[in-house]
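Chemist: Below is the file final_10.txt, with compact mmCIF, C-alpha atoms.
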# COMPACT_ATOMS: atom_id res chain seq x y z
CA MET A 1 -34.81 19.91 30.70
CA ILE A 2 -34.05 23.07 28.75
CA LYS A 3 -30.58 24.44 29.35
CA MET A 4 -30.70 27.60 31.45
CA CYS A 5 -28.18 29.84 29.72
CA CYS A 6 -27.97 33.18 27.99
CA GLY A 7 -28.46 31.50 24.63
CA THR A 8 -31.99 30.36 25.54
CA CYS A 9 -32.99 33.38 27.66
CA VAL A 10 -35.87 35.69 26.74
CA SER A 11 -33.80 38.68 27.91
CA LEU A 12 -31.01 38.16 25.36
CA ASP A 13 -30.89 41.20 23.06
CA LYS A 14 -28.79 40.43 19.99
CA GLU A 15 -29.63 43.74 18.41
CA ARG A 16 -27.36 45.35 20.97
CA LYS A 17 -23.71 44.35 20.66
CA GLU A 18 -20.63 45.76 22.32
CA LEU A 19 -17.01 45.00 21.41
CA LYS A 20 -14.47 44.58 24.17
CA GLN A 21 -12.07 47.52 24.32
CA ASP A 22 -8.72 46.80 22.63
CA ASP A 23 -10.09 43.45 21.43
CA ASN A 24 -11.74 43.17 18.02
CA GLU A 25 -12.73 39.52 18.50
CA ARG A 26 -14.57 39.37 21.83
CA TYR A 27 -17.96 40.95 22.30
CA CYS A 28 -21.09 40.87 24.42
CA TYR A 29 -24.79 41.14 23.63
CA GLY A 30 -27.32 43.20 25.46
CA CYS A 31 -29.55 41.87 28.26
CA LYS A 32 -33.01 43.32 28.95
CA VAL A 33 -32.50 42.71 32.69
CA GLN A 34 -28.78 43.15 33.37
CA GLY A 35 -27.98 45.67 30.62
CA VAL A 36 -25.44 43.36 28.99
CA ILE A 37 -24.86 39.61 29.32
CA CYS A 38 -22.48 38.56 32.07
CA GLY A 39 -19.33 38.04 30.00
CA TYR A 40 -17.55 38.65 26.72
CA ILE A 41 -17.65 35.86 24.15
CA ALA A 42 -15.70 34.97 21.02
CA SER A 43 -18.63 33.23 19.30
CA ASP A 44 -22.35 32.75 19.85
CA GLN A 45 -21.69 29.15 20.84
CA GLU A 46 -20.31 30.45 24.14
CA LEU A 47 -23.77 31.75 25.05
CA GLY A 48 -24.50 28.20 26.16
CA HIS A 49 -21.94 28.56 28.97
CA LEU A 50 -23.18 31.85 30.42
CA SER A 51 -26.18 32.31 32.72
CA CYS A 52 -27.50 34.25 35.69
CA GLY A 53 -30.33 33.99 38.21
CA ASP A 54 -32.67 36.02 35.99
CA TRP A 55 -32.88 33.43 33.19
CA GLU A 56 -36.29 32.86 31.62
CA ALA A 57 -37.29 31.14 28.40
CA ASN A 58 -39.19 33.08 25.76
CA ASP A 59 -42.83 32.25 25.02
CA GLU A 60 -41.99 30.12 22.00
CA ARG A 61 -39.60 27.97 23.98
CA LYS A 62 -42.05 27.81 26.90
CA ARG A 63 -44.69 26.47 24.55
CA ASP A 64 -42.25 23.80 23.36
CA ASN A 65 -41.57 22.89 26.98
CA SER A 66 -45.18 22.00 27.85
CA SER A 67 -44.26 18.31 28.19
CA MET A 68 -41.97 19.21 31.10
CA ALA A 69 -45.00 19.92 33.30
CA ALA A 70 -45.35 16.24 34.23
CA GLU A 71 -41.72 16.07 35.39
CA PHE A 72 -42.12 19.21 37.49
CA GLU A 73 -45.32 17.82 39.00
CA HIS A 74 -43.53 14.60 39.93
CA ASP A 75 -40.63 16.47 41.55
CA LEU A 76 -42.91 18.75 43.56
CA GLN A 77 -45.06 15.86 44.80
CA ILE A 78 -41.95 14.09 46.10
CA LEU A 79 -40.66 17.25 47.81
CA TYR A 80 -44.01 18.02 49.47
CA ALA A 81 -44.44 14.40 50.62
CA ARG A 82 -40.92 14.38 52.04
CA TRP A 83 -41.55 17.66 53.88
CA ARG A 84 -44.76 16.34 55.45
CA GLN A 85 -43.06 13.06 56.41
CA ILE A 86 -40.19 14.78 58.22
CA TYR A 87 -42.42 17.37 59.87
CA GLU A 88 -44.67 14.69 61.38
CA TYR A 89 -42.33 11.75 61.92
CA GLY A 90 -38.84 13.24 61.76
CA GLY A 91 -35.88 12.50 59.54
CA LEU A 92 -32.90 10.19 59.80
CA ASP A 93 -30.04 12.67 59.60
CA LEU A 94 -27.85 12.29 62.68
CA ASN A 95 -25.98 15.52 61.97
CA CYS A 96 -28.75 18.12 61.96
CA PRO A 97 -32.21 18.73 63.44
CA ASP A 98 -35.40 18.12 61.49
CA GLY A 99 -35.86 21.88 61.14
CA CYS A 100 -32.72 22.18 59.00
CA GLU A 101 -33.94 19.42 56.68
CA LEU A 102 -37.39 20.98 56.44
CA ASN A 103 -36.03 24.39 55.52
CA HIS A 104 -33.72 22.82 52.96
CA LEU A 105 -36.70 21.05 51.37
CA ARG A 106 -38.62 24.33 51.40
CA GLY A 107 -35.77 25.87 49.45
CA ASP A 108 -35.95 23.02 46.92
CA ILE A 109 -39.70 23.57 46.52
CA LEU A 110 -39.18 27.27 45.87
CA SER A 111 -36.43 26.46 43.39
CA ARG A 112 -38.71 24.07 41.44
CA LYS A 113 -41.48 26.66 41.38
CA HIS A 114 -39.05 29.25 40.06
CA GLN A 115 -37.96 26.84 37.32
CA ILE A 116 -41.61 26.34 36.38
CA THR A 117 -42.20 30.07 35.93
CA CYS A 118 -39.02 30.28 33.86
CA CYS A 119 -39.70 27.25 31.65
CA LEU A 120 -43.47 27.02 31.17
CA LEU A 121 -46.39 29.10 30.07
CA LYS A 122 -48.79 29.79 32.91
CA GLU A 123 -51.49 27.58 31.42
CA ASP A 124 -49.07 24.64 31.58
CA TYR A 125 -48.15 25.01 35.26
CA PRO A 126 -48.64 21.68 37.12
CA ALA A 127 -51.24 21.45 39.89
CA SER A 128 -48.60 21.21 42.64
CA TYR A 129 -47.30 24.63 41.70
CA TYR A 130 -50.37 26.16 43.35
CA LEU A 131 -49.91 24.33 46.66
CA SER A 132 -48.92 26.61 49.53
CA THR A 133 -45.18 26.69 50.06
CA PRO A 134 -44.31 25.43 53.57
CA SER A 135 -43.39 28.13 56.05
CA LEU A 136 -39.92 28.42 57.53
CA VAL A 137 -39.57 26.52 60.80
CA ASP A 138 -37.12 26.84 63.66
CA ASP A 139 -33.85 25.21 62.58
CA GLN A 140 -33.83 23.32 65.90
CA TYR A 141 -37.32 21.85 65.41
CA MET A 142 -37.57 18.12 66.10
CA ALA A 143 -40.59 15.91 65.51
CA ARG A 144 -41.79 13.31 68.06
CA LYS A 145 -39.75 14.70 70.96
CA GLU A 146 -41.72 12.82 73.61
CA GLU A 147 -41.43 9.52 71.73
CA ILE A 148 -37.70 9.99 71.20
CA MET A 149 -37.14 10.77 74.87
CA ALA A 150 -39.18 7.76 76.03
CA ALA A 151 -37.33 5.42 73.67
CA ALA A 152 -33.94 6.81 74.73
CA LEU A 153 -34.72 6.27 78.41
CA GLN A 154 -35.81 2.70 77.70
CA SER A 155 -32.67 1.99 75.64
CA LEU A 156 -30.48 3.39 78.42
CA LYS A 157 -32.09 1.01 80.91
CA ILE A 158 -31.44 -1.90 78.55
CA TYR A 159 -27.78 -0.95 78.11
CA GLU A 160 -27.10 -0.39 81.80
CA ALA A 161 -28.84 -3.63 82.76
CA SER A 162 -26.77 -5.55 80.23
CA GLU A 163 -24.26 -7.98 81.77
CA ASP A 164 -21.99 -7.22 78.83
CA TYR A 165 -21.97 -3.51 79.66
CA GLN A 166 -21.41 -4.06 83.38
CA TRP A 167 -18.53 -6.44 82.77
CA LEU A 168 -16.87 -4.13 80.25
CA TYR A 169 -17.22 -1.21 82.64
CA GLN A 170 -15.48 -3.25 85.34
CA GLU A 171 -12.63 -4.39 83.07
CA PHE A 172 -11.99 -1.03 81.38
CA PRO A 173 -9.48 0.39 83.94
CA ASP A 174 -7.29 -2.72 83.75
CA LEU A 175 -6.89 -2.67 79.98
CA SER A 176 -3.85 -1.10 78.38
CA GLU A 177 -4.25 1.67 75.84
CA LYS A 178 -3.39 -0.78 73.08
CA GLU A 179 -5.99 -3.27 74.32
CA ARG A 180 -8.62 -0.55 74.49
CA LYS A 181 -7.99 0.39 70.89
CA ARG A 182 -7.93 -3.22 69.66
CA SER A 183 -11.16 -4.12 71.43
CA GLY A 184 -13.09 -0.91 70.65
CA ILE A 185 -14.20 -0.74 74.29
CA CYS A 186 -14.16 3.07 74.35
CA TYR A 187 -16.81 3.11 71.64
CA ALA A 188 -18.82 0.22 73.07
CA ILE A 189 -19.31 1.62 76.55
CA GLY A 190 -18.83 5.25 75.57
CA HIS A 191 -22.02 5.29 73.55
CA VAL A 192 -23.97 4.47 76.72
CA GLU A 193 -22.44 7.45 78.50
CA ARG A 194 -23.07 9.69 75.50
CA LEU A 195 -26.72 8.66 75.49
CA ASN A 196 -26.92 9.45 79.19
CA LYS A 197 -25.50 12.91 78.52
CA ALA A 198 -27.83 13.41 75.56
CA ILE A 199 -30.85 12.70 77.76
CA GLU A 200 -29.63 15.20 80.34
CA GLN A 201 -28.98 17.84 77.68
CA LYS A 202 -32.10 17.00 75.63
CA ASP A 203 -30.04 16.25 72.55
CA TYR A 204 -32.82 14.70 70.47
CA ILE A 205 -30.62 14.14 67.44
CA LEU A 206 -28.32 11.75 69.30
CA MET A 207 -31.21 10.20 71.26
CA ARG A 208 -33.00 9.38 68.01
CA ALA A 209 -30.16 7.05 67.03
CA HIS A 210 -31.06 4.88 70.05
CA GLU A 211 -34.76 4.40 69.38
CA SER A 212 -33.90 0.83 68.42
CA PRO A 213 -31.23 -0.46 70.84
CA GLU A 214 -30.41 -3.73 69.04
CA TYR A 215 -27.36 -2.40 67.19
CA TYR A 216 -25.68 -1.06 70.34
CA VAL A 217 -26.58 -4.16 72.36
CA GLU A 218 -24.80 -6.21 69.71
CA CYS A 219 -21.81 -3.84 69.89
CA LEU A 220 -21.50 -4.53 73.61
CA LYS A 221 -21.63 -8.29 73.03
CA THR A 222 -19.04 -8.15 70.25
CA CYS A 223 -16.75 -6.02 72.40
CA CYS A 224 -17.05 -8.52 75.26
CA ASP A 225 -15.84 -11.27 72.96
CA LYS A 226 -12.84 -9.18 71.89
CA VAL A 227 -11.89 -8.18 75.43
CA THR A 228 -12.23 -11.77 76.62
CA GLN A 229 -9.86 -12.92 73.89
CA LEU A 230 -7.35 -10.21 74.78
CA LEU A 231 -7.43 -11.19 78.46
CA GLN A 232 -7.03 -14.84 77.57
CA ASP A 233 -4.08 -13.98 75.35
CA ARG A 234 -2.23 -12.48 78.31
CA GLY A 235 -3.34 -15.27 80.65
CA LYS A 236 -5.47 -13.18 82.99
CA VAL A 237 -8.62 -15.27 82.65
CA GLY A 238 -9.44 -18.67 81.30
CA THR A 239 -13.11 -18.08 80.61
CA PHE A 240 -15.41 -15.07 80.27
CA GLN A 241 -17.20 -14.37 83.56
CA LYS A 242 -20.05 -11.87 83.32
CA LYS A 243 -21.15 -9.90 86.35
CA GLU A 244 -24.26 -11.09 88.09
CA LYS A 245 -27.41 -9.04 87.65
CA ALA A 246 -28.17 -6.33 90.19
CA ASP A 247 -29.83 -7.44 93.38
CA LYS A 248 -33.62 -7.20 93.21
CA ASN A 249 -33.61 -5.08 96.39
CA THR A 250 -31.81 -2.30 94.52
CA LYS A 251 -35.02 -1.62 92.57
CA GLY A 252 -33.22 -1.86 89.23
CA GLU A 253 -30.29 0.42 90.14
CA LEU A 254 -26.94 -0.73 88.84
CA GLN A 255 -24.25 -1.57 91.38
CA ILE A 256 -20.93 -1.57 89.60
CA PRO A 257 -17.92 -1.49 91.93
CA GLY A 258 -15.91 1.68 91.40
CA GLN A 259 -18.38 2.97 88.83
CA MET A 260 -17.56 6.41 87.46
CA ASP A 261 -18.23 8.49 84.37
CA ILE A 262 -16.57 6.84 81.37
CA PHE A 263 -15.34 10.23 80.22
CA SER A 264 -13.33 10.45 83.43
CA PHE A 265 -11.78 7.10 82.50
CA LEU A 266 -10.96 8.30 79.01
CA ALA A 267 -9.40 11.48 80.34
CA SER A 268 -7.19 9.62 82.82
Would you mind giving the structure from this file in structure tokens?
Modeler:
Amino acid sequence: MIKMCCGTCVSLDKERKELKQDDNERYCYGCKVQGVICGYIASDQELGHLSCGDWEANDERKRDNSSMAAEFEHDLQILYARWRQIYEYGGLDLNCPDGCELNHLRGDILSRKHQITCCLLKEDYPASYYLSTPSLVDDQYMARKEEIMAAALQSLKIYEASEDYQWLYQEFPDLSEKERKRSGICYAIGHVERLNKAIEQKDYILMRAHESPEYYVECLKTCCDKVTQLLQDRGKVGTFQKKEKADKNTKGELQIPGQMDIFSFLAS
């Protein structure tokens, strides 16, 4: 990749030279776009460290860069494929919506196309350069909303029906603060409550993390083992007793004695 700097820019005008006032050593050359280059230099070697957003190679250098077309084509194909993948199926970033990723990729596509115009002659532009640039989308756009919601509801049912979850919920109030930290119970049962809130608030980013419930089911099981060991260590129980499943007449509704929002527990 050619270095984008004043030294390789078509706009560099060495015929125009200005000395820095009160300094006979530092100088600057002219620039056909900016008027003068963006800083004073002590030698031409320093041109390699100066640049601006208006850089463009001259025709001779562009002709020498013709082999770069294949690399640009490869980069653009990856960016376009990634954009289409996220737009249709969604991304994996748990910190931002799909729309933010899509607009970031759009910016990368525009940046590559700008580099192409700066580095290559028009006859050497790769085919992907002529593809339509994706339009801006709403930053809050999310793909597969209905699928994500359906999967989140199913995962919530699995968590709440879990004997591990019900037992942990029952034992939580009796654990000391130190035991809660050592067992990780706040995380284990808190994620179920956070999913419940996410469904209510239509937080698709958080819900997407629960499309496959296996990881969180395993977290509940691991936490049960830790809490059981802690209770055994202080002699409260001899063996781990899980709560029985909800009565069939409840039509699948959980019946946990004294059940309340876990965030109320955490705030107490």
Chemist: Considering only C-alpha atoms, state which residue in the set A:Ala152, A:Val33, A:Leu79, A:Ala57 is at the smallest distance from Tyr129 (chain A).
Modeler: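 Answer, going by the shortest atom-to-atom distance: A:Leu79.
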Chemist: Could you give me, as a PyMOL selection string, the residues within 10 Å of Met142 (chain A), counting all atoms listed in the file and dropping anything in the same chain fewer than 4 positions from it?
Modeler: chain A and resi 86-91+96-100+138+148+204-205
Chemist: From the set A:Cys6, A:Glu218, A:Arg84, A:Ala150, which residue has the shortest atom-to-atom contact distance to Gln45 (chain A), counting only C-alpha atoms?
Modeler: A:Cys6
Chemist: Interatomic distance between CA of Gly107 (chain A) and CA of Glu123 (chain A)?
Modeler: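 Separation of CA of Gly107 (chain A) and CA of Glu123 (chain A): 24.0 Å.
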Chemist: Write out as a PDB file with C-alpha atoms, keeping the file's coordinate frame which residues come within 12 Å of Ile116 (chain A) when counting all atoms listed in the file, dropping same-chain ones fewer than 2 positions away.
Modeler:
ATOM      1  CA  MET A   1     -34.810  19.910  30.700  1.00  0.00           C
ATOM      2  CA  ILE A   2     -34.050  23.070  28.750  1.00  0.00           C
ATOM      3  CA  TRP A  55     -32.880  33.430  33.190  1.00  0.00           C
ATOM      4  CA  GLU A  56     -36.290  32.860  31.620  1.00  0.00           C
ATOM      5  CA  ALA A  57     -37.290  31.140  28.400  1.00  0.00           C
ATOM      6  CA  LYS A  62     -42.050  27.810  26.900  1.00  0.00           C
ATOM      7  CA  ASN A  65     -41.570  22.890  26.980  1.00  0.00           C
ATOM      8  CA  SER A  66     -45.180  22.000  27.850  1.00  0.00           C
ATOM      9  CA  SER A  67     -44.260  18.310  28.190  1.00  0.00           C
ATOM     10  CA  MET A  68     -41.970  19.210  31.100  1.00  0.00           C
ATOM     11  CA  ALA A  69     -45.000  19.920  33.300  1.00  0.00           C
ATOM     12  CA  ALA A  70     -45.350  16.240  34.230  1.00  0.00           C
ATOM     13  CA  GLU A  71     -41.720  16.070  35.390  1.00  0.00           C
ATOM     14  CA  PHE A  72     -42.120  19.210  37.490  1.00  0.00           C
ATOM     15  CA  GLU A  73     -45.320  17.820  39.000  1.00  0.00           C
ATOM     16  CA  ASP A  75     -40.630  16.470  41.550  1.00  0.00           C
ATOM     17  CA  LEU A  76     -42.910  18.750  43.560  1.00  0.00           C
ATOM     18  CA  ILE A 109     -39.700  23.570  46.520  1.00  0.00           C
ATOM     19  CA  LEU A 110     -39.180  27.270  45.870  1.00  0.00           C
ATOM     20  CA  SER A 111     -36.430  26.460  43.390  1.00  0.00           C
ATOM     21  CA  ARG A 112     -38.710  24.070  41.440  1.00  0.00           C
ATOM     22  CA  LYS A 113     -41.480  26.660  41.380  1.00  0.00           C
ATOM     23  CA  HIS A 114     -39.050  29.250  40.060  1.00  0.00           C
ATOM     24  CA  CYS A 118     -39.020  30.280  33.860  1.00  0.00           C
ATOM     25  CA  CYS A 119     -39.700  27.250  31.650  1.00  0.00           C
ATOM     26  CA  LEU A 120     -43.470  27.020  31.170  1.00  0.00           C
ATOM     27  CA  LEU A 121     -46.390  29.100  30.070  1.00  0.00           C
ATOM     28  CA  LYS A 122     -48.790  29.790  32.910  1.00  0.00           C
ATOM     29  CA  GLU A 123     -51.490  27.580  31.420  1.00  0.00           C
ATOM     30  CA  ASP A 124     -49.070  24.640  31.580  1.00  0.00           C
ATOM     31  CA  TYR A 125     -48.150  25.010  35.260  1.00  0.00           C
ATOM     32  CA  PRO A 126     -48.640  21.680  37.120  1.00  0.00           C
ATOM     33  CA  ALA A 127     -51.240  21.450  39.890  1.00  0.00           C
ATOM     34  CA  SER A 128     -48.600  21.210  42.640  1.00  0.00           C
ATOM     35  CA  TYR A 129     -47.300  24.630  41.700  1.00  0.00           C
ATOM     36  CA  TYR A 130     -50.370  26.160  43.350  1.00  0.00           C
TER      37      TYR A 130
END
Chemist: As an exercise, work out the distance from CA of Cys28 (chain A) to CA of Arg16 (chain A) in Å and give it to one decimal place.
Modeler: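 Separation of CA of Cys28 (chain A) and CA of Arg16 (chain A): 8.4 Å.
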Chemist: Within 12 Å of Gly184 (chain A), counting all atoms listed in the file, which residues qualify if same-chain residues fewer than 2 places away don't, as a list in words?
Modeler: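 What passes the distance filter is Leu168, Phe172, Leu175, Glu177, Lys178, Glu179, Arg180, Lys181, Arg182, Cys186, Tyr187, Ala188, Ile189, Gly190, His191, Cys219, Leu220, Lys221, Thr222, Cys223, Cys224, Asp225, Lys226, Val227 and Leu230 of chain A.
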Chemist: Considering only C-alpha atoms, state which residue in the set A:Glu147, A:Asp108, A:Asp164, A:Glu60 is at the smallest distance from Glu211 (chain A).
Modeler: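 Of A:Glu147, A:Asp108, A:Asp164, A:Glu60, the one nearest Glu211 (chain A) is A:Glu147, counting only C-alpha atoms.
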